[in-house]
>>> print(open('target-v9.tsv').read())   # TSV, C-alpha atoms and all ligand atoms
chain	number	residue	atom	x	y	z
A	18	MET	CA	23.41	-44.26	-56.11
A	19	GLU	CA	20.38	-41.96	-56.00
A	20	GLU	CA	20.42	-39.21	-53.39
A	21	THR	CA	17.80	-39.43	-50.63
A	22	PRO	CA	15.18	-36.75	-51.32
A	23	SER	CA	14.74	-34.04	-48.70
A	24	ILE	CA	11.00	-34.68	-48.54
A	25	HIS	CA	9.05	-37.69	-49.71
A	26	VAL	CA	5.30	-37.89	-49.13
A	27	ARG	CA	3.16	-40.93	-49.98
A	28	ASN	CA	-0.63	-41.10	-49.85
A	29	LEU	CA	-0.73	-38.64	-46.98
A	30	SER	CA	-4.21	-37.92	-45.61
A	31	ARG	CA	-5.53	-36.02	-42.63
A	32	GLN	CA	-9.10	-35.88	-41.37
A	33	PHE	CA	-10.43	-33.34	-38.89
A	34	GLY	CA	-13.66	-35.03	-37.88
A	35	PRO	CA	-15.79	-35.00	-41.04
A	36	VAL	CA	-13.38	-32.60	-42.85
A	37	SER	CA	-10.79	-34.16	-45.17
A	38	ALA	CA	-8.02	-31.54	-45.00
A	39	ILE	CA	-5.73	-33.55	-47.34
A	40	GLN	CA	-6.33	-36.78	-49.27
A	41	ASN	CA	-3.69	-39.10	-50.72
A	42	VAL	CA	-1.11	-36.37	-51.21
A	43	ASN	CA	2.06	-37.52	-53.00
A	44	PHE	CA	5.16	-35.48	-53.81
A	45	THR	CA	8.94	-35.41	-53.57
A	46	VAL	CA	11.29	-32.48	-52.98
A	47	ASN	CA	14.94	-33.05	-53.88
A	48	LYS	CA	17.94	-31.74	-51.98
A	49	GLY	CA	18.68	-28.08	-52.68
A	50	GLU	CA	15.41	-27.40	-54.52
A	51	VAL	CA	13.31	-24.30	-53.87
A	52	VAL	CA	9.73	-25.48	-54.19
A	53	GLY	CA	6.52	-23.46	-54.07
A	54	PHE	CA	3.52	-25.10	-52.47
A	55	LEU	CA	0.50	-23.35	-53.93
A	56	GLY	CA	-3.17	-23.55	-53.21
A	57	PRO	CA	-6.24	-21.44	-52.51
A	58	ASN	CA	-7.44	-20.83	-48.95
A	59	GLY	CA	-8.33	-24.05	-47.19
A	60	ALA	CA	-6.55	-26.22	-49.82
A	61	GLY	CA	-4.51	-28.11	-47.21
A	62	LYS	CA	-1.14	-26.32	-47.38
A	63	SER	CA	-0.71	-25.65	-43.67
A	64	THR	CA	-1.93	-29.13	-42.77
A	65	THR	CA	0.73	-30.69	-45.03
A	66	MET	CA	3.47	-28.38	-43.69
A	67	ARG	CA	2.51	-29.12	-40.10
A	68	ILE	CA	2.61	-32.88	-40.70
A	69	LEU	CA	6.04	-32.56	-42.34
A	70	SER	CA	7.30	-30.55	-39.38
A	71	GLY	CA	6.20	-33.24	-36.94
A	72	ILE	CA	3.71	-31.03	-35.10
A	73	LEU	CA	0.59	-32.73	-36.45
A	74	SER	CA	0.07	-36.42	-37.09
A	75	ALA	CA	-1.34	-37.81	-40.34
A	76	SER	CA	-4.50	-39.93	-40.37
A	77	SER	CA	-2.89	-42.24	-42.94
A	78	GLY	CA	-0.02	-42.39	-45.41
A	79	SER	CA	3.58	-41.51	-44.71
A	80	ALA	CA	6.10	-38.70	-44.88
A	81	TRP	CA	9.90	-38.92	-44.81
A	82	VAL	CA	12.11	-35.95	-44.16
A	83	GLY	CA	15.80	-36.39	-44.98
A	84	GLY	CA	15.14	-40.13	-45.14
A	85	ILE	CA	13.55	-40.21	-41.65
A	86	CYS	CA	9.94	-41.29	-41.18
A	87	VAL	CA	8.09	-38.39	-39.52
A	88	ALA	CA	5.56	-40.59	-37.69
A	89	GLN	CA	8.26	-42.83	-36.22
A	90	ASN	CA	10.76	-40.16	-35.31
A	91	PRO	CA	9.18	-36.69	-35.08
A	92	HIS	CA	11.88	-35.44	-32.70
A	93	GLU	CA	14.70	-36.23	-35.13
A	94	VAL	CA	12.69	-34.67	-37.98
A	95	LYS	CA	12.34	-31.42	-36.03
A	96	ARG	CA	16.15	-31.14	-36.08
A	97	LYS	CA	16.20	-31.47	-39.85
A	98	ILE	CA	13.45	-28.91	-40.48
A	99	GLY	CA	13.23	-25.23	-39.73
A	100	TYR	CA	9.55	-24.31	-39.78
A	101	MET	CA	8.10	-20.83	-39.96
A	102	PRO	CA	4.35	-21.10	-39.33
A	103	GLU	CA	1.75	-18.78	-40.84
A	104	ASN	CA	1.21	-15.70	-38.60
A	105	ASN	CA	4.31	-16.67	-36.68
A	106	PRO	CA	3.59	-15.63	-33.07
A	107	LEU	CA	6.48	-13.71	-31.46
A	108	PRO	CA	6.89	-12.33	-27.93
A	109	ASP	CA	6.50	-8.54	-28.27
A	110	ASP	CA	8.50	-7.68	-25.15
A	111	MET	CA	11.75	-9.52	-25.97
A	112	ARG	CA	14.74	-8.19	-27.88
A	113	VAL	CA	15.50	-9.92	-31.22
A	114	VAL	CA	18.82	-11.34	-30.06
A	115	GLU	CA	17.39	-12.52	-26.72
A	116	TYR	CA	14.49	-14.25	-28.42
A	117	LEU	CA	16.73	-16.02	-30.95
A	118	ARG	CA	19.08	-17.19	-28.17
A	119	PHE	CA	16.08	-18.51	-26.27
A	120	ARG	CA	14.84	-20.35	-29.37
A	121	ALA	CA	18.34	-21.74	-30.08
A	122	ARG	CA	18.48	-23.17	-26.54
A	123	LEU	CA	15.06	-24.77	-27.06
A	124	LYS	CA	16.40	-26.32	-30.26
A	125	GLU	CA	19.25	-27.80	-28.17
A	126	VAL	CA	22.04	-25.80	-29.84
A	127	PRO	CA	25.07	-26.45	-27.55
A	128	GLY	CA	25.95	-23.51	-25.26
A	129	ARG	CA	29.39	-22.97	-26.83
A	130	LYS	CA	27.78	-22.62	-30.30
A	131	LEU	CA	24.85	-20.45	-29.22
A	132	ARG	CA	26.37	-17.02	-29.92
A	133	GLU	CA	27.78	-18.01	-33.30
A	134	THR	CA	24.54	-19.77	-34.39
A	135	VAL	CA	22.34	-16.79	-33.53
A	136	GLN	CA	24.78	-14.34	-35.15
A	137	GLU	CA	24.85	-16.37	-38.36
A	138	ALA	CA	21.03	-16.57	-38.61
A	139	MET	CA	20.76	-12.81	-37.92
A	140	GLU	CA	23.31	-12.07	-40.62
A	141	ILE	CA	21.54	-14.19	-43.24
A	142	CYS	CA	18.28	-12.39	-42.43
A	143	ASP	CA	19.91	-8.95	-42.32
A	144	LEU	CA	18.99	-8.42	-38.67
A	145	ALA	CA	22.48	-8.30	-37.19
A	146	ARG	CA	23.23	-4.66	-38.03
A	147	THR	CA	19.79	-3.12	-37.95
A	148	ALA	CA	17.58	-4.94	-35.46
A	149	ARG	CA	19.75	-7.03	-33.16
A	150	ARG	CA	18.80	-5.22	-29.94
A	151	LYS	CA	15.37	-3.97	-30.99
A	152	ILE	CA	12.28	-4.93	-28.99
A	153	ILE	CA	10.23	-7.28	-31.20
A	154	GLY	CA	7.00	-5.35	-30.51
A	155	THR	CA	8.50	-2.27	-32.23
A	156	LEU	CA	9.45	-4.08	-35.48
A	157	SER	CA	7.69	-3.70	-38.83
A	158	LYS	CA	5.89	-6.74	-40.24
A	159	GLY	CA	8.75	-7.33	-42.70
A	160	PHE	CA	11.31	-7.44	-39.90
A	161	ARG	CA	9.06	-9.69	-37.82
A	162	GLN	CA	9.00	-12.12	-40.77
A	163	ARG	CA	12.80	-11.97	-40.87
A	164	VAL	CA	12.92	-12.87	-37.19
A	165	GLY	CA	10.63	-15.83	-37.97
A	166	ILE	CA	12.94	-16.95	-40.78
A	167	ALA	CA	16.05	-16.46	-38.60
A	168	ASP	CA	14.36	-18.64	-35.97
A	169	ALA	CA	13.67	-21.33	-38.59
A	170	LEU	CA	17.36	-21.24	-39.63
A	171	LEU	CA	18.73	-21.81	-36.12
A	172	GLY	CA	20.51	-25.12	-35.64
A	173	LYS	CA	21.37	-25.38	-39.36
A	174	PRO	CA	18.37	-27.37	-40.58
A	175	GLU	CA	18.63	-29.24	-43.86
A	176	ILE	CA	15.20	-28.04	-44.94
A	177	ILE	CA	13.32	-24.82	-44.30
A	178	ILE	CA	9.55	-24.61	-44.63
A	179	MET	CA	7.87	-21.22	-44.69
A	180	ASP	CA	4.12	-20.89	-44.52
A	181	GLU	CA	3.03	-17.68	-46.29
A	182	PRO	CA	6.30	-15.75	-45.66
A	183	THR	CA	5.23	-12.68	-47.65
A	184	ILE	CA	1.62	-12.32	-46.55
A	185	GLY	CA	0.73	-8.78	-45.47
A	186	LEU	CA	4.08	-7.29	-46.57
A	187	ASP	CA	4.55	-4.21	-48.75
A	188	PRO	CA	6.41	-4.54	-52.10
A	189	HIS	CA	9.76	-3.44	-50.56
A	190	GLN	CA	9.48	-5.95	-47.77
A	191	ILE	CA	8.47	-8.66	-50.24
A	192	GLN	CA	11.56	-7.89	-52.30
A	193	GLY	CA	13.66	-8.19	-49.13
A	194	ILE	CA	12.23	-11.62	-48.31
A	195	ARG	CA	12.72	-12.69	-51.92
A	196	LYS	CA	16.41	-11.72	-51.73
A	197	LEU	CA	16.69	-13.63	-48.51
A	198	ILE	CA	15.20	-16.75	-50.11
A	199	ASP	CA	17.62	-16.31	-53.05
A	200	ASN	CA	20.47	-16.28	-50.53
A	201	LEU	CA	19.31	-19.63	-49.18
A	202	ARG	CA	19.36	-21.20	-52.65
A	203	GLY	CA	21.98	-23.91	-52.90
A	204	LYS	CA	22.51	-23.99	-49.14
A	205	LEU	CA	19.21	-25.58	-48.07
A	206	THR	CA	16.08	-27.20	-49.41
A	207	VAL	CA	13.33	-24.58	-49.27
A	208	VAL	CA	9.56	-25.11	-49.35
A	209	ILE	CA	7.41	-21.99	-49.48
A	210	SER	CA	3.68	-22.21	-49.14
A	211	SER	CA	1.77	-19.31	-50.57
A	212	HIS	CA	-1.11	-18.11	-52.64
A	213	ILE	CA	0.84	-15.05	-53.82
A	214	LEU	CA	1.71	-16.40	-57.24
A	215	PRO	CA	4.16	-13.88	-58.73
A	216	GLU	CA	6.35	-14.35	-55.65
A	217	ILE	CA	6.40	-18.10	-56.05
A	218	GLU	CA	7.13	-17.80	-59.75
A	219	ARG	CA	10.15	-15.59	-59.11
A	220	CYS	CA	11.60	-17.62	-56.22
A	221	CYS	CA	10.92	-21.26	-56.97
A	222	ASP	CA	12.52	-23.93	-59.16
A	223	ARG	CA	9.39	-26.04	-59.08
A	224	VAL	CA	5.76	-25.71	-58.06
A	225	ILE	CA	3.29	-28.11	-56.43
A	226	VAL	CA	-0.35	-27.07	-56.72
A	227	ILE	CA	-2.82	-28.39	-54.16
A	228	ASN	CA	-6.58	-27.90	-54.37
A	229	ARG	CA	-9.22	-29.19	-51.97
A	230	GLY	CA	-6.71	-31.49	-50.29
A	231	ARG	CA	-5.29	-33.06	-53.46
A	232	VAL	CA	-2.17	-32.39	-55.53
A	233	VAL	CA	-3.49	-31.27	-58.91
A	234	ALA	CA	-0.25	-30.27	-60.65
A	235	ALA	CA	3.51	-30.41	-60.10
A	236	GLY	CA	6.48	-29.35	-62.16
A	237	THR	CA	8.58	-26.40	-63.28
A	238	SER	CA	6.66	-23.35	-64.51
A	239	GLN	CA	7.52	-24.39	-68.07
A	240	GLU	CA	6.29	-27.96	-67.58
A	241	LEU	CA	3.03	-26.68	-66.09
A	242	ARG	CA	2.62	-24.22	-68.96
A	243	ASP	CA	3.07	-27.00	-71.53
A	244	GLU	CA	0.61	-29.23	-69.67
A	245	PHE	CA	-2.14	-26.75	-68.83
A	246	ILE	CA	-1.80	-23.93	-71.36
A	247	PRO	CA	-0.19	-25.41	-74.48
A	248	GLY	CA	0.55	-23.38	-77.61
A	249	ASN	CA	2.43	-20.14	-78.13
A	250	ARG	CA	1.43	-16.66	-77.09
A	251	PHE	CA	2.27	-13.31	-78.56
A	252	LEU	CA	1.57	-9.80	-77.41
A	253	ILE	CA	0.91	-7.52	-80.39
A	254	GLU	CA	0.15	-3.84	-80.60
A	255	LEU	CA	-1.94	-2.57	-83.52
A	256	GLU	CA	-3.06	0.85	-84.69
A	257	GLY	CA	-6.16	1.37	-86.84
A	258	ALA	CA	-9.08	-1.01	-87.34
A	259	THR	CA	-7.84	-3.39	-84.66
A	260	GLU	CA	-11.22	-5.14	-84.48
A	261	ILE	CA	-10.53	-6.98	-87.72
A	262	ALA	CA	-7.27	-8.55	-86.51
A	263	GLY	CA	-9.02	-11.86	-85.79
A	264	LEU	CA	-10.55	-11.92	-89.26
A	265	ALA	CA	-7.19	-11.07	-90.86
A	266	LEU	CA	-5.56	-14.04	-89.12
A	267	SER	CA	-8.28	-16.54	-89.97
A	268	GLU	CA	-8.33	-15.38	-93.63
A	269	SER	CA	-4.61	-16.24	-93.75
A	270	GLY	CA	-5.20	-19.69	-92.29
A	271	ILE	CA	-3.57	-18.96	-88.92
A	272	ASP	CA	-5.28	-20.81	-86.06
A	273	ALA	CA	-5.10	-18.04	-83.47
A	274	ALA	CA	-7.33	-17.07	-80.58
A	275	ILE	CA	-7.45	-13.56	-79.15
A	276	ILE	CA	-7.41	-14.20	-75.41
A	277	GLU	CA	-7.03	-10.66	-74.15
A	278	GLU	CA	-7.59	-7.21	-75.62
A	279	THR	CA	-6.63	-3.92	-74.01
A	280	GLU	CA	-7.38	-0.53	-75.52
A	281	VAL	CA	-4.34	1.73	-75.26
A	282	ASP	CA	-6.18	4.72	-76.77
A	283	GLU	CA	-8.86	5.37	-79.42
A	284	LYS	CA	-6.68	4.05	-82.24
A	285	ARG	CA	-4.34	1.58	-80.57
A	286	SER	CA	-4.95	-1.78	-78.91
A	287	LYS	CA	-2.80	-4.50	-77.36
A	288	LEU	CA	-3.86	-8.07	-78.04
A	289	VAL	CA	-2.66	-11.35	-76.59
A	290	LEU	CA	-2.89	-14.12	-79.20
A	291	ARG	CA	-2.65	-17.84	-78.62
A	292	ILE	CA	-1.41	-19.90	-81.55
A	293	GLU	CA	-2.11	-23.62	-81.26
A	294	SER	CA	1.03	-24.70	-83.12
A	295	GLN	CA	4.06	-25.10	-80.80
A	296	ASN	CA	6.50	-24.37	-83.65
A	297	THR	CA	6.00	-20.75	-84.44
A	298	ASP	CA	8.40	-17.94	-83.73
A	299	GLY	CA	5.98	-15.19	-84.75
A	300	SER	CA	7.53	-14.47	-88.16
A	301	GLU	CA	4.42	-15.79	-89.91
A	302	LEU	CA	2.27	-13.45	-87.82
A	303	ILE	CA	4.44	-10.47	-88.71
A	304	LYS	CA	4.14	-11.32	-92.41
A	305	VAL	CA	0.35	-11.63	-92.30
A	306	LEU	CA	-0.38	-8.67	-90.06
A	307	SER	CA	2.01	-6.21	-91.69
A	308	LYS	CA	0.44	-6.86	-95.13
A	309	ARG	CA	-2.95	-5.50	-94.06
A	310	SER	CA	-3.87	-1.95	-94.91
A	311	GLU	CA	-6.68	-1.62	-92.28
A	312	PHE	CA	-4.21	-1.45	-89.39
A	313	THR	CA	-0.50	-1.11	-88.70
A	314	LEU	CA	1.45	-3.65	-86.66
A	315	LEU	CA	3.42	-1.59	-84.12
A	316	SER	CA	5.05	-4.41	-82.15
A	317	LEU	CA	5.03	-8.16	-81.61
A	318	ALA	CA	6.68	-10.12	-78.79
A	319	PRO	CA	6.30	-13.63	-77.41
A	320	CYS	CA	4.67	-13.74	-73.98
A	321	GLU	CA	4.26	-16.54	-71.44
A	322	PRO	CA	1.08	-17.28	-69.49
A	323	THR	CA	1.46	-16.30	-65.86
A	324	LEU	CA	1.55	-18.77	-63.00
A	325	GLU	CA	-1.83	-17.35	-62.02
A	326	GLU	CA	-3.34	-18.58	-65.31
A	327	ILE	CA	-1.70	-21.99	-64.87
A	328	PHE	CA	-2.97	-22.17	-61.31
A	329	LEU	CA	-6.51	-21.33	-62.43
A	330	ALA	CA	-6.35	-23.91	-65.23
A	331	ALA	CA	-5.02	-26.63	-62.87
A	332	THR	CA	-7.61	-25.99	-60.16
A	333	LYS	CA	-10.40	-25.72	-62.76
A	334	ARG	CA	-9.40	-29.06	-64.25
A	335	SER	CA	-9.46	-30.67	-60.79
A	336	TRP	CA	-12.94	-29.25	-60.17
A	337	GLU	CA	-14.17	-30.57	-63.51
A	338	GLU	CA	-12.68	-34.00	-62.81
A	339	THR	CA	-14.38	-34.09	-59.39
A	340	ILE	CA	-17.75	-33.18	-60.93
A	341	GLU	CA	-17.30	-35.71	-63.76
A	342	LYS	CA	-16.37	-38.42	-61.23
A	343	LYS	CA	-19.49	-37.67	-59.22
A	344	HIS	CA	-21.59	-38.15	-62.35
A	345	THR	CA	-19.87	-41.35	-63.51
A	346	ASP	CA	-19.41	-43.09	-60.11
A	347	PRO	CA	-22.04	-45.79	-59.59
A	348	GLN	CA	-24.77	-44.32	-57.43
A	349	PRO	CA	-25.94	-46.36	-54.41
A	350	GLU	CA	-29.06	-48.38	-55.15
A	351	PRO	CA	-32.13	-46.76	-53.68
A	352	GLU	CA	-33.18	-48.64	-50.56
A	353	LYS	CA	-36.02	-51.03	-51.02
A	354	PRO	CA	-39.08	-49.97	-49.08
A	355	ALA	CA	-39.64	-52.23	-46.06
A	356	GLU	CA	-42.11	-54.93	-46.86
A	357	ALA	CA	-45.44	-54.67	-45.12
A	358	ASN	CA	-45.95	-57.27	-42.43
A	359	THR	CA	-49.54	-57.90	-43.16
A	401	LIG	N1	-7.51	-28.00	-36.48
A	401	LIG	C1	-8.45	-28.10	-37.41
A	401	LIG	N2	-9.70	-28.50	-37.10
A	401	LIG	C2	-10.66	-28.63	-38.04
A	401	LIG	N3	-10.47	-28.37	-39.35
A	401	LIG	C3	-9.25	-27.95	-39.73
A	401	LIG	C4	-8.18	-27.80	-38.78
A	401	LIG	N4	-7.07	-27.37	-39.46
A	401	LIG	C5	-7.45	-27.27	-40.76
A	401	LIG	N5	-8.74	-27.61	-40.91
A	401	LIG	C6	-9.49	-27.64	-42.18
A	401	LIG	O1	-8.74	-28.35	-43.12
A	401	LIG	C7	-8.82	-27.73	-44.40
A	401	LIG	C8	-7.40	-27.38	-44.88
A	401	LIG	O2	-6.89	-26.34	-44.04
A	401	LIG	P1	-5.41	-25.73	-44.15
A	401	LIG	O3	-5.24	-24.75	-43.05
A	401	LIG	O4	-4.44	-26.85	-44.25
A	401	LIG	O5	-5.51	-25.00	-45.56
A	401	LIG	P2	-4.50	-23.91	-46.19
A	401	LIG	O6	-4.31	-24.32	-47.61
A	401	LIG	O7	-3.28	-23.77	-45.36
A	401	LIG	O8	-5.39	-22.59	-46.13
A	401	LIG	P3	-4.95	-21.05	-45.85
A	401	LIG	O9	-4.24	-20.59	-47.09
A	401	LIG	O10	-6.26	-20.39	-45.68
A	401	LIG	O11	-4.09	-21.05	-44.64
A	401	LIG	C9	-9.73	-26.54	-44.24
A	401	LIG	O12	-11.02	-26.94	-44.61
A	401	LIG	C10	-9.67	-26.24	-42.75
A	401	LIG	O13	-10.86	-25.64	-42.32
>>> encode(input="target-v9.tsv", output="structure tokens", more="lines below")
Ligand SMILES: Nc1ncnc2c1ncn2[C@@H]1O[C@H](COP(=O)(O)OP(=O)(O)OP(=O)(O)O)[C@@H](O)[C@H]1O
Amino acid sequence: MEETPSIHVRNLSRQFGPVSAIQNVNFTVNKGEVVGFLGPNGAGKSTTMRILSGILSASSGSAWVGGICVAQNPHEVKRKIGYMPENNPLPDDMRVVEYLRFRARLKEVPGRKLRETVQEAMEICDLARTARRKIIGTLSKGFRQRVGIADALLGKPEIIIMDEPTIGLDPHQIQGIRKLIDNLRGKLTVVISSHILPEIERCCDRVIVINRGRVVAAGTSQELRDEFIPGNRFLIELEGATEIAGLALSESGIDAAIIEETEVDEKRSKLVLRIESQNTDGSELIKVLSKRSEFTLLSLAPCEPTLEEIFLAATKRSWEETIEKKHTDPQPEPEKPAEANT
């Protein structure tokens, strides 16, 4: 029998007056997955997360969390989900441990389990030793985020949703949050909304890209690469007349495009090449390039497009499709002028 997915969303839409924040959003997140929910500002990430967490209702469509319909049973869903909102507001004058106990009581953690539940969440978030009795107002942004995540973990939710957990953090703090998310892998289903792409790429098993309220791509990084940026890429370093590299390749019948060129110094350049054929390991390139006397091939290595490039390609495609649809949709007939009554 198939396992019930942690999150299942069908044709979910939400209007705010004339603004369509999300339109017919569909996706599934399976148990134990770490999924990145990506989109530019205003794409509809927070709206989707808030509907899933039962704090905002949908205008139409449905969402199930752990097999429970959010619209019909938002209270039960709140027990299954730990939600860390964007810019998580925290009381500056409380101590970390006091605040988490307060939040655990609100989440109806039984009194006899309160101490143990708070301790466990603090340990996972590395707060127990260092920040347990600190006043929240004195904490760094990274530690404040940890408090937000510890709060979301209270009451052992099945799913944790974090809205922009690394925003405004320095690289050390980001690394700390990344480790924390790695620790959650296998224990919970994790959904992270962000527009910080390298973070998502490192942390997540799968990515859902949303743009202007619609899901425009979903899959593993590899699946998205194959769909949006097919072909193989190689990073090569040449010394000499590097400007004729393109000519050298086309003269040898290799269908390659130079998609990036960086000058290392006067004589040396690094080039990123895209080869249309999927079945090339680069040996053909080495043969062709090392034969030429105008330059020397110093190095060659395969390289993958970044999630940022995939994201740009996916959102660009959705823009183009929207524009194309506008042009091909039947236009309303111009209104007939009212007939004169004379
Ligand atoms: N309460 C609201 N009232 C009116 N419009 C809203 C409201 N909440 C969101 N919107 C609009 O809905 C759209 C989607 O917003 P949402 O906050 O979900 O995007 P987001 O992807 O989370 O963006 P960001 O990364 O900037 O947080 C935006 O156009 C936003 O202005």
>>> residues_near_ligand(input="target-v9.tsv", ligand="ligand LIG 401 (chain A)", cutoff="7 Å", atoms="all atoms listed in the file", output="ChimeraX atom specification")
/A:33,36-39,56-65,212,230
>>> atom_distance(input="target-v9.tsv", atom1="atom CA of Thr313 of chain A", atom2="atom CA of Glu293 of chain A")
23.8 Å
>>> closest_residue(input="target-v9.tsv", among="A:Lys124, A:Arg291, A:Arg229, A:Arg242", to="Lys333 of chain A", atoms="all atoms listed in the file")
A:Arg229
>>> closest_residue(input="target-v9.tsv", among="A:Gly172, A:Gly34, A:Gly165, A:Pro108", to="Lys130 of chain A", atoms="all atoms listed in the file")
A:Gly172
>>> residues_near_point(input="target-v9.tsv", point="(-2.1, -36.2, -49.4)", cutoff="7 Å", atoms="all atoms listed in the file", output="list of chain:residue names")
A:Asn28, A:Leu29, A:Ser30, A:Ile39, A:Gln40, A:Asn41, A:Val42, A:Asn43, A:Gly230, A:Arg231
>>> write_last_selection(input="target-v9.tsv", atoms="C-alpha atoms", output="PDB file, keeping the file's coordinate frame")
ATOM      1  CA  ASN A  28      -0.630 -41.100 -49.850  1.00  0.00           C
ATOM      2  CA  LEU A  29      -0.730 -38.640 -46.980  1.00  0.00           C
ATOM      3  CA  SER A  30      -4.210 -37.920 -45.610  1.00  0.00           C
ATOM      4  CA  ILE A  39      -5.730 -33.550 -47.340  1.00  0.00           C
ATOM      5  CA  GLN A  40      -6.330 -36.780 -49.270  1.00  0.00           C
ATOM      6  CA  ASN A  41      -3.690 -39.100 -50.720  1.00  0.00           C
ATOM      7  CA  VAL A  42      -1.110 -36.370 -51.210  1.00  0.00           C
ATOM      8  CA  ASN A  43       2.060 -37.520 -53.000  1.00  0.00           C
ATOM      9  CA  GLY A 230      -6.710 -31.490 -50.290  1.00  0.00           C
ATOM     10  CA  ARG A 231      -5.290 -33.060 -53.460  1.00  0.00           C
TER      11      ARG A 231
END
>>> residues_near_point(input="target-v9.tsv", point="(3.1, -20.1, -46.5)", cutoff="7 Å", atoms="all atoms listed in the file", output="list of chain:residue names")
A:Glu103, A:Met179, A:Asp180, A:Glu181, A:Pro182, A:Ile209, A:Ser210, A:Ser211
>>> write_last_selection(input="target-v9.tsv", atoms="C-alpha atoms", output="PDB file, in the frame of the given file")
ATOM      1  CA  GLU A 103       1.750 -18.780 -40.840  1.00  0.00           C
ATOM      2  CA  MET A 179       7.870 -21.220 -44.690  1.00  0.00           C
ATOM      3  CA  ASP A 180       4.120 -20.890 -44.520  1.00  0.00           C
ATOM      4  CA  GLU A 181       3.030 -17.680 -46.290  1.00  0.00           C
ATOM      5  CA  PRO A 182       6.300 -15.750 -45.660  1.00  0.00           C
ATOM      6  CA  ILE A 209       7.410 -21.990 -49.480  1.00  0.00           C
ATOM      7  CA  SER A 210       3.680 -22.210 -49.140  1.00  0.00           C
ATOM      8  CA  SER A 211       1.770 -19.310 -50.570  1.00  0.00           C
TER       9      SER A 211
END
>>> residues_around(input="target-v9.tsv", residues="Asp282 of chain A", least_positions_apart="6", cutoff="12 Å", atoms="only C-alpha atoms", output="PyMOL selection string")
chain A and resi 254-257+259
>>> closest_residue(input="target-v9.tsv", among="A:Arg27, A:Arg112, A:Lys97, A:Arg122", to="Phe44 of chain A", atoms="only C-alpha atoms")
A:Arg27
>>> residues_around(input="target-v9.tsv", residues="segment 314-326 of chain A", least_positions_apart="3", cutoff="8 Å", atoms="all atoms listed in the file", output="MDAnalysis selection string")
chainID A and resid 214:215 218 238 242 246 249:256 298:299 303 306:307 329:330
>>> atom_distance(input="target-v9.tsv", atom1="atom CA of Asp272 of chain A", atom2="atom CA of Ala235 of chain A")
29.0 Å
>>> closest_residue(input="target-v9.tsv", among="A:Ile261, A:Cys221, A:Ile271, A:Leu186", to="Asp199 of chain A", atoms="only C-alpha atoms")
A:Cys221
>>> closest_residue(input="target-v9.tsv", among="A:Ser300, A:Thr206, A:Gln89, A:Thr134", to="Gly53 of chain A", atoms="all atoms listed in the file")
A:Thr206
